[in-house]
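The data block below is target.cif; it holds mmCIF, C-alpha atoms (C1' of nucleotides).
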```cif
data_input
#
loop_
_atom_site.label_atom_id
_atom_site.label_comp_id
_atom_site.auth_asym_id
_atom_site.auth_seq_id
_atom_site.Cartn_x
_atom_site.Cartn_y
_atom_site.Cartn_z
CA MET A 112 0.00 0.00 0.00
CA GLU A 113 1.23 3.54 -0.71
CA ALA A 114 2.13 5.86 2.14
CA ARG A 115 -0.84 8.12 1.47
CA GLU A 116 -3.36 5.38 2.05
CA LYS A 117 -1.44 3.93 5.02
CA ILE A 118 -1.53 7.35 6.67
CA PHE A 119 -5.19 7.74 5.85
CA GLN A 120 -6.18 4.47 7.48
CA ALA A 121 -4.02 4.83 10.57
CA ALA A 122 -5.33 8.36 11.07
CA ASP A 123 -8.92 7.21 10.68
CA ARG A 124 -8.42 4.69 13.44
CA LEU A 125 -6.56 7.03 15.79
CA PHE A 126 -8.88 9.99 15.26
CA SER A 127 -11.93 7.84 15.88
CA VAL A 128 -10.52 6.36 19.08
CA ASN A 129 -8.81 9.37 20.63
CA GLY A 130 -10.25 12.39 18.85
CA PHE A 131 -8.57 15.04 16.74
CA ASP A 132 -6.78 17.00 19.45
CA ALA A 133 -5.50 13.99 21.35
CA THR A 134 -4.03 12.39 18.23
CA THR A 135 -0.55 13.60 17.30
CA THR A 136 1.03 13.57 13.88
CA ARG A 137 3.89 11.59 15.42
CA GLU A 138 1.46 8.84 16.47
CA ILE A 139 -0.07 8.72 13.01
CA ALA A 140 3.36 8.45 11.39
CA GLU A 141 4.38 5.65 13.72
CA ALA A 142 1.13 3.72 13.41
CA SER A 143 1.31 3.89 9.63
CA ASN A 144 5.04 3.12 9.42
CA THR A 145 5.67 6.30 7.55
CA ASN A 146 7.18 9.70 8.24
CA LYS A 147 5.59 12.64 10.02
CA ALA A 148 6.53 15.04 7.23
CA LEU A 149 4.63 12.89 4.73
CA ILE A 150 1.38 13.91 6.39
CA HIS A 151 2.05 17.47 5.37
CA TYR A 152 3.30 16.45 1.98
CA HIS A 153 0.16 14.47 1.13
CA PHE A 154 -2.48 16.34 3.14
CA THR A 155 -1.00 19.82 3.73
CA SER A 156 -1.75 19.73 7.46
CA LYS A 157 -3.17 17.62 10.26
CA ARG A 158 -6.53 19.33 9.71
CA GLY A 159 -6.32 18.63 5.99
CA LEU A 160 -5.89 14.94 6.72
CA TYR A 161 -8.88 15.04 9.05
CA GLN A 162 -11.00 16.78 6.43
CA ALA A 163 -10.00 14.22 3.82
CA ILE A 164 -11.23 11.46 6.13
CA LEU A 165 -14.52 13.24 6.80
CA ASP A 166 -15.05 13.98 3.13
CA ARG A 167 -14.63 10.35 2.16
CA TYR A 168 -17.20 9.28 4.75
CA PHE A 169 -19.70 11.86 3.68
CA ASP A 170 -19.30 11.00 0.04
CA ASN A 171 -19.98 7.34 0.80
CA LEU A 172 -22.92 8.09 3.05
CA SER A 173 -24.57 10.50 0.63
CA GLU A 174 -24.19 8.01 -2.18
CA THR A 175 -25.68 5.24 -0.05
CA LEU A 176 -28.67 7.33 0.96
CA GLN A 177 -29.32 8.53 -2.56
CA GLY A 178 -29.26 4.94 -3.77
CA VAL A 179 -31.95 4.05 -1.26
CA LEU A 180 -34.16 7.11 -1.67
CA VAL A 181 -34.65 6.99 -5.43
CA LYS A 182 -36.83 3.94 -5.04
CA ASN A 183 -40.53 4.61 -4.71
CA GLY A 184 -42.79 3.06 -2.12
CA ALA A 185 -45.11 3.69 0.77
CA THR A 186 -43.99 5.75 3.74
CA GLY A 187 -43.34 2.71 5.88
CA ASP A 188 -41.23 1.09 3.21
CA ARG A 189 -39.17 4.22 2.66
CA LEU A 190 -38.59 4.70 6.36
CA ALA A 191 -37.60 1.06 6.69
CA ALA A 192 -35.20 1.38 3.76
CA VAL A 193 -33.49 4.41 5.28
CA ILE A 194 -33.21 2.68 8.66
CA GLU A 195 -31.67 -0.37 7.00
CA ALA A 196 -29.22 1.73 5.05
CA TYR A 197 -28.14 3.80 8.03
CA VAL A 198 -27.64 0.85 10.34
CA ASN A 199 -25.65 -0.98 7.69
CA PHE A 200 -23.52 2.06 6.97
CA LEU A 201 -22.69 2.60 10.63
CA ALA A 202 -21.97 -1.09 11.13
CA ASN A 203 -19.58 -1.08 8.19
CA ASN A 204 -17.94 2.25 9.00
CA ARG A 205 -17.43 2.10 12.72
CA SER A 206 -15.16 5.11 12.94
CA TYR A 207 -17.79 7.30 11.35
CA ALA A 208 -20.25 7.46 14.22
CA LEU A 209 -17.53 8.24 16.75
CA ILE A 210 -15.95 10.96 14.65
CA VAL A 211 -19.20 12.64 13.65
CA GLN A 212 -20.65 12.48 17.13
CA ARG A 213 -17.54 14.02 18.63
CA GLU A 214 -17.25 16.65 15.94
CA ILE A 215 -20.87 17.75 16.14
CA THR A 216 -20.45 18.46 19.83
CA GLY A 217 -17.83 21.08 19.17
CA GLY A 218 -14.94 20.30 16.84
CA ALA A 219 -13.31 22.89 14.64
CA GLY A 220 -14.72 21.32 11.47
CA ARG A 221 -18.23 21.52 12.84
CA GLU A 222 -19.74 23.86 10.24
CA ARG A 223 -18.77 21.62 7.35
CA ILE A 224 -20.24 18.55 9.02
CA ILE A 225 -23.46 20.38 9.81
CA GLU A 226 -23.78 21.30 6.14
CA HIS A 227 -23.52 17.66 5.07
CA MET A 228 -25.89 16.61 7.81
CA ILE A 229 -28.55 19.14 6.87
CA HIS A 230 -28.30 18.09 3.27
CA ASN A 231 -28.82 14.42 4.04
CA PHE A 232 -31.57 15.09 6.55
CA GLN A 233 -33.52 17.29 4.16
CA MET A 234 -33.19 14.68 1.46
CA ILE A 235 -34.70 12.08 3.76
CA ILE A 236 -37.46 14.36 5.02
CA THR A 237 -38.47 15.24 1.49
CA ALA A 238 -38.58 11.60 0.51
CA LEU A 239 -40.71 10.72 3.51
CA ARG A 240 -43.13 13.60 2.97
CA ASP A 241 -43.50 12.86 -0.72
CA ALA A 242 -44.44 9.31 0.07
CA TYR A 243 -47.79 10.02 1.59
CA PRO A 244 -50.75 12.24 0.68
CA GLU A 245 -51.31 15.03 3.14
CA SER A 246 -54.32 13.30 4.59
CA ASP A 247 -52.38 10.30 5.92
CA TYR A 248 -49.97 10.49 8.81
CA ARG A 249 -50.96 14.12 9.19
CA ASN A 250 -50.18 13.85 12.87
CA ILE A 251 -46.58 12.93 12.29
CA ASP A 252 -44.01 15.65 12.16
CA ALA A 253 -41.40 14.42 9.69
CA GLU A 254 -38.56 16.40 11.34
CA GLN A 255 -39.35 14.98 14.77
CA LEU A 256 -39.54 11.51 13.32
CA LEU A 257 -36.21 11.85 11.62
CA ILE A 258 -34.48 13.13 14.75
CA SER A 259 -35.93 10.25 16.73
CA PHE A 260 -34.85 7.49 14.41
CA TYR A 261 -31.49 9.05 13.73
CA GLY A 262 -30.93 9.28 17.48
CA MET A 263 -32.05 5.71 18.09
CA ILE A 264 -29.64 4.42 15.50
CA ILE A 265 -26.50 6.44 16.04
CA THR A 266 -26.69 6.18 19.82
CA TYR A 267 -26.49 2.41 19.54
CA PHE A 268 -23.09 2.76 17.91
CA THR A 269 -21.61 5.64 19.89
CA TYR A 270 -22.69 4.01 23.15
CA SER A 271 -21.60 0.54 22.14
CA ASP A 272 -19.26 0.23 25.13
CA VAL A 273 -22.05 1.13 27.53
CA ILE A 274 -24.45 -1.19 25.74
CA GLU A 275 -21.95 -4.03 25.81
CA ARG A 276 -22.08 -3.92 29.57
CA LEU A 277 -25.85 -3.71 29.59
CA LEU A 278 -26.38 -6.61 27.22
CA LYS A 279 -23.37 -8.55 28.48
CA SER A 280 -22.52 -9.37 24.89
CA ASP A 281 -20.99 -7.61 21.89
CA PRO A 282 -23.53 -5.08 20.53
CA LEU A 283 -21.80 -5.13 17.15
CA SER A 284 -22.06 -8.86 16.65
CA ARG A 285 -24.11 -9.98 13.69
CA ALA A 286 -26.87 -11.30 15.93
CA ASN A 287 -27.14 -8.21 18.11
CA LEU A 288 -27.06 -5.88 15.12
CA ALA A 289 -29.95 -7.84 13.63
CA LYS A 290 -31.82 -7.55 16.91
CA ARG A 291 -31.27 -3.82 17.03
CA LYS A 292 -32.42 -3.40 13.45
CA GLU A 293 -35.53 -5.41 14.21
CA HIS A 294 -36.30 -3.29 17.25
CA VAL A 295 -35.95 -0.02 15.36
CA LEU A 296 -38.11 -1.33 12.52
CA MET A 297 -40.69 -2.37 15.09
CA MET A 298 -40.68 1.17 16.46
CA ALA A 299 -41.21 2.55 12.97
CA ASP A 300 -44.11 0.21 12.46
CA ALA A 301 -45.63 1.16 15.78
CA VAL A 302 -45.47 4.90 15.26
CA LEU A 303 -46.84 4.74 11.74
CA LYS A 304 -49.71 2.53 12.86
CA ALA A 305 -50.48 4.84 15.76
CA ALA A 306 -50.61 7.90 13.55
CA GLY A 307 -51.97 6.47 10.32
CA MET B 15 -18.64 34.91 43.99
CA GLU B 16 -15.50 33.10 45.20
CA ALA B 17 -12.76 32.23 42.77
CA ARG B 18 -13.45 28.51 43.06
CA GLU B 19 -16.99 28.84 41.80
CA LYS B 20 -16.08 31.40 39.14
CA ILE B 21 -13.50 28.98 37.76
CA PHE B 22 -15.99 26.12 37.94
CA GLN B 23 -18.63 27.94 35.92
CA ALA B 24 -16.27 29.38 33.31
CA ALA B 25 -14.70 25.95 32.85
CA ASP B 26 -18.10 24.31 32.49
CA ARG B 27 -18.96 26.68 29.68
CA LEU B 28 -15.61 26.41 27.89
CA PHE B 29 -15.33 22.63 28.21
CA SER B 30 -18.84 22.15 26.88
CA VAL B 31 -18.25 24.42 23.90
CA ASN B 32 -14.70 23.51 22.91
CA GLY B 33 -13.99 20.21 24.64
CA PHE B 34 -11.39 19.28 27.22
CA ASP B 35 -8.30 19.26 25.03
CA ALA B 36 -9.09 22.46 23.17
CA THR B 37 -9.72 24.40 26.37
CA THR B 38 -6.60 25.84 28.01
CA THR B 39 -6.13 26.71 31.65
CA ARG B 40 -5.19 30.22 30.52
CA GLU B 41 -8.58 30.62 28.83
CA ILE B 42 -10.37 29.44 31.92
CA ALA B 43 -8.44 31.84 34.12
CA GLU B 44 -9.18 34.76 31.82
CA ALA B 45 -12.86 33.91 31.38
CA SER B 46 -13.31 33.63 35.12
CA ASN B 47 -11.24 36.73 35.95
CA THR B 48 -8.95 34.70 38.15
CA ASN B 49 -5.44 33.35 38.00
CA LYS B 50 -4.24 30.25 36.21
CA ALA B 51 -2.46 28.92 39.28
CA LEU B 52 -5.72 29.03 41.22
CA ILE B 53 -7.04 26.18 39.09
CA HIS B 54 -4.31 23.96 40.46
CA TYR B 55 -4.75 25.34 43.95
CA HIS B 56 -8.46 24.57 44.06
CA PHE B 57 -8.70 21.55 41.78
CA THR B 58 -5.18 20.07 41.71
CA SER B 59 -5.09 19.87 37.91
CA LYS B 60 -7.01 20.63 34.75
CA ARG B 61 -8.33 17.06 34.81
CA GLY B 62 -9.34 17.45 38.44
CA LEU B 63 -11.42 20.48 37.52
CA TYR B 64 -13.04 18.53 34.71
CA GLN B 65 -13.83 15.62 37.01
CA ALA B 66 -15.36 17.99 39.55
CA ILE B 67 -17.68 19.31 36.86
CA LEU B 68 -18.64 15.83 35.73
CA ASP B 69 -19.21 14.67 39.30
CA ARG B 70 -21.57 17.53 40.04
CA TYR B 71 -23.63 16.72 36.95
CA PHE B 72 -23.83 13.05 37.74
CA ASP B 73 -24.82 13.71 41.32
CA ASN B 74 -27.64 15.95 40.17
CA LEU B 75 -28.80 13.54 37.49
CA SER B 76 -28.76 10.48 39.72
CA GLU B 77 -30.72 12.35 42.35
CA THR B 78 -33.26 13.51 39.78
CA LEU B 79 -33.75 10.00 38.40
CA GLN B 80 -34.04 8.42 41.83
CA GLY B 81 -36.68 10.98 42.74
CA VAL B 82 -38.72 9.96 39.73
CA LEU B 83 -38.26 6.22 39.94
CA VAL B 84 -39.40 5.69 43.53
CA LYS B 85 -42.95 6.45 42.51
CA ASN B 86 -45.01 3.45 41.55
CA GLY B 87 -47.21 3.22 38.49
CA ALA B 88 -47.89 1.36 35.26
CA THR B 89 -45.12 0.85 32.72
CA GLY B 90 -46.36 3.66 30.51
CA ASP B 91 -46.47 6.09 33.41
CA ARG B 92 -42.98 5.20 34.55
CA LEU B 93 -41.55 5.51 31.07
CA ALA B 94 -43.28 8.87 30.67
CA ALA B 95 -41.91 10.06 34.00
CA VAL B 96 -38.36 9.14 33.05
CA ILE B 97 -38.72 10.83 29.67
CA GLU B 98 -40.02 13.98 31.34
CA ALA B 99 -37.22 13.99 33.87
CA TYR B 100 -34.49 13.43 31.31
CA VAL B 101 -35.72 16.10 28.91
CA ASN B 102 -36.06 18.60 31.73
CA PHE B 103 -32.61 17.78 33.06
CA LEU B 104 -30.98 18.23 29.67
CA ALA B 105 -32.91 21.43 29.04
CA ASN B 106 -31.76 22.86 32.37
CA ASN B 107 -28.16 21.62 32.12
CA ARG B 108 -27.23 22.35 28.56
CA SER B 109 -23.54 21.73 28.98
CA TYR B 110 -24.18 18.22 30.23
CA ALA B 111 -25.28 16.64 26.97
CA LEU B 112 -22.36 18.12 25.05
CA ILE B 113 -19.78 17.06 27.60
CA VAL B 114 -21.11 13.54 28.10
CA GLN B 115 -21.60 12.91 24.43
CA ARG B 116 -18.08 14.03 23.64
CA GLU B 117 -16.57 12.12 26.52
CA ILE B 118 -18.34 8.86 25.74
CA THR B 119 -16.89 8.92 22.23
CA GLY B 120 -13.37 8.76 23.57
CA GLY B 121 -12.30 11.14 26.32
CA ALA B 122 -9.78 10.21 28.95
CA GLY B 123 -12.44 10.17 31.69
CA ARG B 124 -14.51 7.71 29.73
CA GLU B 125 -14.44 4.77 32.16
CA ARG B 126 -15.83 6.84 35.01
CA ILE B 127 -18.65 8.20 32.87
CA ILE B 128 -19.53 4.72 31.66
CA GLU B 129 -19.80 3.56 35.27
CA HIS B 130 -22.30 6.31 36.09
CA MET B 131 -24.19 5.65 32.88
CA ILE B 132 -24.52 1.92 33.50
CA HIS B 133 -25.72 2.59 37.01
CA ASN B 134 -28.45 4.96 35.88
CA PHE B 135 -29.47 2.78 32.96
CA GLN B 136 -29.79 -0.32 35.09
CA MET B 137 -31.84 1.59 37.62
CA ILE B 138 -34.25 2.64 34.87
CA ILE B 139 -34.42 -0.82 33.32
CA THR B 140 -35.18 -2.42 36.66
CA ALA B 141 -37.92 0.09 37.32
CA LEU B 142 -39.47 -0.51 33.92
CA ARG B 143 -39.33 -4.30 34.23
CA ASP B 144 -40.77 -4.28 37.72
CA ALA B 145 -43.71 -2.28 36.51
CA TYR B 146 -45.31 -5.00 34.51
CA PRO B 147 -46.02 -8.69 35.03
CA GLU B 148 -44.03 -10.91 32.72
CA SER B 149 -47.05 -11.67 30.59
CA ASP B 150 -47.53 -8.09 29.39
CA TYR B 151 -45.16 -6.36 27.00
CA ARG B 152 -43.27 -9.59 26.76
CA ASN B 153 -42.28 -8.61 23.24
CA ILE B 154 -40.51 -5.48 24.40
CA ASP B 155 -36.88 -5.71 25.20
CA ALA B 156 -36.31 -3.22 28.02
CA GLU B 157 -32.66 -2.60 27.07
CA GLN B 158 -33.54 -1.85 23.47
CA LEU B 159 -36.32 0.43 24.58
CA LEU B 160 -34.04 2.35 26.90
CA ILE B 161 -31.38 2.82 24.23
CA SER B 162 -34.00 4.06 21.82
CA PHE B 163 -35.54 6.63 24.10
CA TYR B 164 -32.23 7.76 25.48
CA GLY B 165 -30.99 8.25 21.93
CA MET B 166 -34.11 10.12 20.87
CA ILE B 167 -33.76 12.51 23.75
CA ILE B 168 -30.06 13.23 23.95
CA THR B 169 -29.68 13.58 20.19
CA TYR B 170 -32.16 16.43 20.23
CA PHE B 171 -29.81 18.37 22.48
CA THR B 172 -26.46 17.44 21.01
CA TYR B 173 -27.73 18.12 17.51
CA SER B 174 -29.51 21.33 18.44
CA ASP B 175 -27.53 23.36 15.90
CA VAL B 176 -28.43 20.97 13.12
CA ILE B 177 -32.04 20.89 14.26
CA GLU B 178 -32.21 24.66 14.43
CA ARG B 179 -31.53 24.78 10.72
CA LEU B 180 -34.04 22.03 10.03
CA LEU B 181 -36.85 23.61 12.04
CA LYS B 182 -35.81 27.18 11.19
CA SER B 183 -36.42 28.10 14.84
CA ASP B 184 -34.70 27.63 18.17
CA PRO B 185 -35.01 23.96 19.25
CA LEU B 186 -34.45 24.94 22.86
CA SER B 187 -37.27 27.45 23.03
CA ARG B 188 -40.03 26.63 25.47
CA ALA B 189 -42.48 25.87 22.67
CA ASN B 190 -40.15 23.59 20.72
CA LEU B 191 -39.05 21.72 23.82
CA ALA B 192 -42.71 21.08 24.61
CA LYS B 193 -43.21 19.83 21.07
CA ARG B 194 -40.26 17.50 21.33
CA LYS B 195 -41.45 16.14 24.66
CA GLU B 196 -44.88 15.54 23.21
CA HIS B 197 -43.40 13.69 20.25
CA VAL B 198 -41.29 11.41 22.40
CA LEU B 199 -44.22 10.68 24.69
CA MET B 200 -46.29 9.86 21.62
CA MET B 201 -43.62 7.40 20.53
CA ALA B 202 -43.68 5.77 23.95
CA ASP B 203 -47.42 5.44 23.75
CA ALA B 204 -47.24 3.97 20.26
CA VAL B 205 -44.68 1.32 21.08
CA LEU B 206 -46.39 0.23 24.28
CA LYS B 207 -49.73 -0.03 22.48
CA ALA B 208 -48.17 -2.02 19.65
CA ALA B 209 -46.58 -4.50 22.02
CA GLY B 210 -49.14 -4.59 24.81
"C1'" DA C 225 23.53 7.24 -18.57
"C1'" DT C 226 21.17 11.42 -17.47
"C1'" DC C 227 17.45 14.14 -16.20
"C1'" DT C 228 13.32 15.16 -13.80
"C1'" DA C 229 9.18 14.80 -11.13
"C1'" DT C 230 7.64 12.62 -7.28
"C1'" DG C 231 8.20 10.52 -2.79
"C1'" DT C 232 10.65 10.18 1.63
"C1'" DT C 233 13.58 11.26 5.52
"C1'" DG C 234 15.52 13.09 10.06
"C1'" DA C 235 16.87 17.18 12.07
"C1'" DC C 236 15.28 21.33 13.43
"C1'" DC C 237 12.19 25.50 15.02
"C1'" DG C 238 9.22 28.35 17.72
"C1'" DC C 239 5.12 28.24 20.15
"C1'" DC C 240 2.03 27.25 23.71
"C1'" DC C 241 0.65 24.04 26.94
"C1'" DG C 242 0.01 22.27 32.00
"C1'" DG C 243 2.16 22.72 36.04
"C1'" DT C 244 5.32 24.75 39.90
"C1'" DT C 245 7.13 28.03 43.06
"C1'" DA C 246 8.26 31.75 46.03
"C1'" DA C 247 6.52 35.97 47.32
"C1'" DT C 248 2.59 38.56 48.70
"C1'" DG C 249 -2.17 39.71 50.16
"C1'" DT C 250 -6.16 39.03 53.38
"C1'" DG C 251 -9.01 38.53 57.17
"C1'" DA C 252 -10.50 36.01 61.36
"C1'" DT C 253 -8.76 35.12 66.05
"C1'" DA C 254 -6.71 36.12 70.35
"C1'" DT D 187 -1.82 44.64 66.84
"C1'" DA D 188 0.53 40.31 66.12
"C1'" DT D 189 -0.46 35.79 64.40
"C1'" DC D 190 -1.48 32.35 61.17
"C1'" DA D 191 -3.96 29.70 57.88
"C1'" DC D 192 -5.72 30.34 53.62
"C1'" DA D 193 -6.05 32.67 49.04
"C1'" DT D 194 -3.88 34.91 45.16
"C1'" DT D 195 -0.34 36.39 42.03
"C1'" DA D 196 3.43 36.86 38.30
"C1'" DA D 197 7.24 34.76 36.65
"C1'" DC D 198 9.18 30.78 35.29
"C1'" DC D 199 10.04 25.79 33.41
"C1'" DG D 200 10.43 21.62 30.60
"C1'" DG D 201 8.14 19.14 27.19
"C1'" DG D 202 5.60 18.02 23.29
"C1'" DC D 203 3.18 19.85 19.65
"C1'" DG D 204 2.38 21.10 14.40
"C1'" DG D 205 4.96 22.50 10.89
"C1'" DT D 206 9.30 23.36 7.81
"C1'" DC D 207 13.28 22.30 5.13
"C1'" DA D 208 17.29 20.79 2.78
"C1'" DA D 209 19.06 16.55 1.51
"C1'" DC D 210 18.43 12.14 -0.42
"C1'" DA D 211 15.97 7.96 -2.91
"C1'" DT D 212 13.51 6.18 -6.70
"C1'" DA D 213 11.95 5.22 -11.09
"C1'" DG D 214 10.13 6.37 -15.71
"C1'" DA D 215 11.26 9.09 -19.86
"C1'" DT D 216 14.74 10.61 -23.12
#
```
Would you write the structure of this file as structure tokens?
Amino acid sequence: MEAREKIFQAADRLFSVNGFDATTTREIAEASNTNKALIHYHFTSKRGLYQAILDRYFDNLSETLQGVLVKNGATGDRLAAVIEAYVNFLANNRSYALIVQREITGGAGRERIIEHMIHNFQMIITALRDAYPESDYRNIDAEQLLISFYGMIITYFTYSDVIERLLKSDPLSRANLAKRKEHVLMMADAVLKAAG
Amino acid sequence: MEAREKIFQAADRLFSVNGFDATTTREIAEASNTNKALIHYHFTSKRGLYQAILDRYFDNLSETLQGVLVKNGATGDRLAAVIEAYVNFLANNRSYALIVQREITGGAGRERIIEHMIHNFQMIITALRDAYPESDYRNIDAEQLLISFYGMIITYFTYSDVIERLLKSDPLSRANLAKRKEHVLMMADAVLKAAG
DNA sequence: ATCTATGTTGACCGCCCGGTTAATGTGATA
DNA sequence: TATCACATTAACCGGGCGGTCAACATAGAT
């Protein structure tokens, strides 16, 4: 693997575990078996490297969501599809939830992340609203619903160490992930039934 | 106000906005109109100050939850009471959500926070389980339910800047907080009805 | 074989951080 | 008013940080 990619992957791991400030360029260089100066050569600065990591995640996530949302279907189906996609994305990109959650609570790159977030959220809200005639689900506030399901999902990943001790088994195991997905889908079903 | 308390409050604000690492003792001293060395005199170290802040929050939260959970009642009522208490606590202690959320994703004081968290969570789970005979709600997994509602609630506060741009109004205004509370309570109602 | 663009290295720099210390201020007690 | 414990201050310190740079390695093109 080339140095650039080795740095990228080591940094992704270190940033997600320890955060931006607590990760030093010396650590990244050591963990990737490269040289500290190469970080600046390939990414201009420590921040530039961080941004590159964030950008890659957001590109992947946006693409994933767009792929799911183009399909038509009833409200329940669309909501279920988004839930599926989000859970799968977080399960397959475990650094993402940690980095985003930490950044949104006050990192220096906050504004950029918020922009991406708003974009994705509005895309989802529009898709949900378009799915049903005004008469149905008129009691459901799409924004509130989105916040709720987003919170349900991402919290499971950012709190995985707490949850591990609650469940007394690995929350990120295949079986437990399936259980979580099932639970969230059940919640979606329940709220749509209650309001429909 | 004495220096100790001035430092405490300035630090609470700065830590919650910028995080532990990005906040310097010099900033804290300046913001509190005191002297940098006083931080070490009153709190031993920067970390000690941080711990003192965390400890105060956790004491308050534990007390609040215990006050709510001693009351008897049906499952729905207990869940509603916890939701109420949590939303009110987060609304009245706005630094708390930011600090905890950032810390749980990888701060140095993580272990201690997890301990508190587990304790509170188990207290809530026990109270919920005790509320209903095994036969009812047997399809609801109390742990999953807790994670879901906790996530719904705390995300609203940690993502308040994102939500502000979604709602185009202040998420922490009295009216919007009431709306959020109502939504979460509606979700609780829906899921209990669906499973009951 | 030579040139050139790209990649890589270790040594170095200045800054700012958390923490320490010795001197000084302050106010209750006797 | 002398005492004494506690509170406050400015100056200082060593260390580790992000970033820079001049020298060197490598390999494809000519």
Which of A:Leu303, A:Glu113, A:Glu226, A:Gly262 sits closest to B:Arg179 [using all atoms listed in the file] | A:Glu226
C:DG251: which residues within 12 Å, counting all atoms listed in the file, same-chain residues fewer than 6 positions away excluded, as a PyMOL selection string?
-> chain D and resi 189-193
Apply the PyMOL selection byres ((chain A and resi 146-150) around 10) to the displayed file and report the matching residues as a PyMOL selection string.
-> (chain A and resi 114-115+118-119+122+135-145+151-157+159-160) or (chain C and resi 231-234) or (chain D and resi 205-206)
Expected answer as a compact mmCIF listing (two decimals) with C-alpha atoms, keeping the file's coordinate frame: all residues with atoms within 8 Å of (-17.9, 20.8, 32.9), all atoms listed in the file:
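Saved to part_22.txt:
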```
# COMPACT_ATOMS: atom_id res chain seq x y z
CA PHE B 22 -15.99 26.12 37.94
CA GLN B 23 -18.63 27.94 35.92
CA ALA B 25 -14.70 25.95 32.85
CA ASP B 26 -18.10 24.31 32.49
CA ARG B 27 -18.96 26.68 29.68
CA LEU B 28 -15.61 26.41 27.89
CA PHE B 29 -15.33 22.63 28.21
CA SER B 30 -18.84 22.15 26.88
CA LEU B 63 -11.42 20.48 37.52
CA TYR B 64 -13.04 18.53 34.71
CA GLN B 65 -13.83 15.62 37.01
CA ALA B 66 -15.36 17.99 39.55
CA ILE B 67 -17.68 19.31 36.86
CA LEU B 68 -18.64 15.83 35.73
CA SER B 109 -23.54 21.73 28.98
CA TYR B 110 -24.18 18.22 30.23
CA ILE B 113 -19.78 17.06 27.60
```
Selection result for the PyMOL selection byres ((chain D and resi 216) around 10) on this file, as a PyMOL selection string | (chain C and resi 226-227) or (chain D and resi 214-215)
Per residue of chain D within 10 Å of chain B, record the nearest atom pair and its distance in Å to one decimal, counting all atoms listed in the file, with rows in chain order and ascending residue number, as a Markdown table.
```
| residue | atom | partner | partner_atom | distance |
| --- | --- | --- | --- | --- |
| D:DA193 | C1' | B:Leu52 | CA | 8.6 |
| D:DT194 | C1' | B:Leu52 | CA | 7.3 |
| D:DT195 | C1' | B:Asn49 | CA | 7.2 |
| D:DA196 | C1' | B:Asn49 | CA | 9.5 |
```
Can I get the selected residues back with C-alpha atoms (C1' of nucleotides), as an mmCIF file, in the frame of the given file?
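After the write, out_2.cif holds the following:
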```
data_model
loop_
_atom_site.group_PDB
_atom_site.id
_atom_site.type_symbol
_atom_site.label_atom_id
_atom_site.label_comp_id
_atom_site.auth_asym_id
_atom_site.auth_seq_id
_atom_site.Cartn_x
_atom_site.Cartn_y
_atom_site.Cartn_z
ATOM 1 C "C1'" DA D 193 -6.050 32.670 49.040
ATOM 2 C "C1'" DT D 194 -3.880 34.910 45.160
ATOM 3 C "C1'" DT D 195 -0.340 36.390 42.030
ATOM 4 C "C1'" DA D 196 3.430 36.860 38.300
#
```
When the cut-off is 9 Å and we count all atoms listed in the file, which residues of chain A are near chain B, given as an MDAnalysis selection string?
-> chainID A and resid 127:130 132:133 208:210 212:219 225:226 228:229 232:233 251:252 254:256 258:267 269:270 272:274 276:278 290:291 294:295 297:306
Pick from D:DC199, D:DC210, D:DT187, D:DG204 nearest to C:DA254, counting only C-alpha atoms (C1' of nucleotides) = D:DT187
Fill-in result for stretch 119-125 of chain B, N, CA, C and O atoms as a compact mmCIF listing (two decimals), in the coordinates of the input:
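What ended up in part_38.txt:
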```
# COMPACT_ATOMS: atom_id res chain seq x y z
N THR B 119 -17.48 9.30 23.51
CA THR B 119 -16.89 8.92 22.23
C THR B 119 -15.36 8.91 22.29
O THR B 119 -14.72 8.89 21.25
N GLY B 120 -14.80 8.98 23.50
CA GLY B 120 -13.37 8.76 23.57
C GLY B 120 -12.54 9.67 24.44
O GLY B 120 -11.35 9.79 24.21
N GLY B 121 -13.10 10.32 25.41
CA GLY B 121 -12.30 11.14 26.32
C GLY B 121 -11.50 10.29 27.27
O GLY B 121 -11.66 9.07 27.33
N ALA B 122 -10.64 10.94 28.02
CA ALA B 122 -9.78 10.21 28.95
C ALA B 122 -10.56 9.81 30.22
O ALA B 122 -10.16 8.88 30.91
N GLY B 123 -11.65 10.49 30.51
CA GLY B 123 -12.44 10.17 31.69
C GLY B 123 -13.59 9.22 31.38
O GLY B 123 -14.55 9.12 32.13
N ARG B 124 -13.45 8.54 30.27
CA ARG B 124 -14.51 7.71 29.73
C ARG B 124 -15.00 6.63 30.70
O ARG B 124 -16.21 6.47 30.92
N GLU B 125 -14.07 5.89 31.29
CA GLU B 125 -14.44 4.77 32.16
C GLU B 125 -15.38 5.21 33.28
O GLU B 125 -16.38 4.55 33.57
```
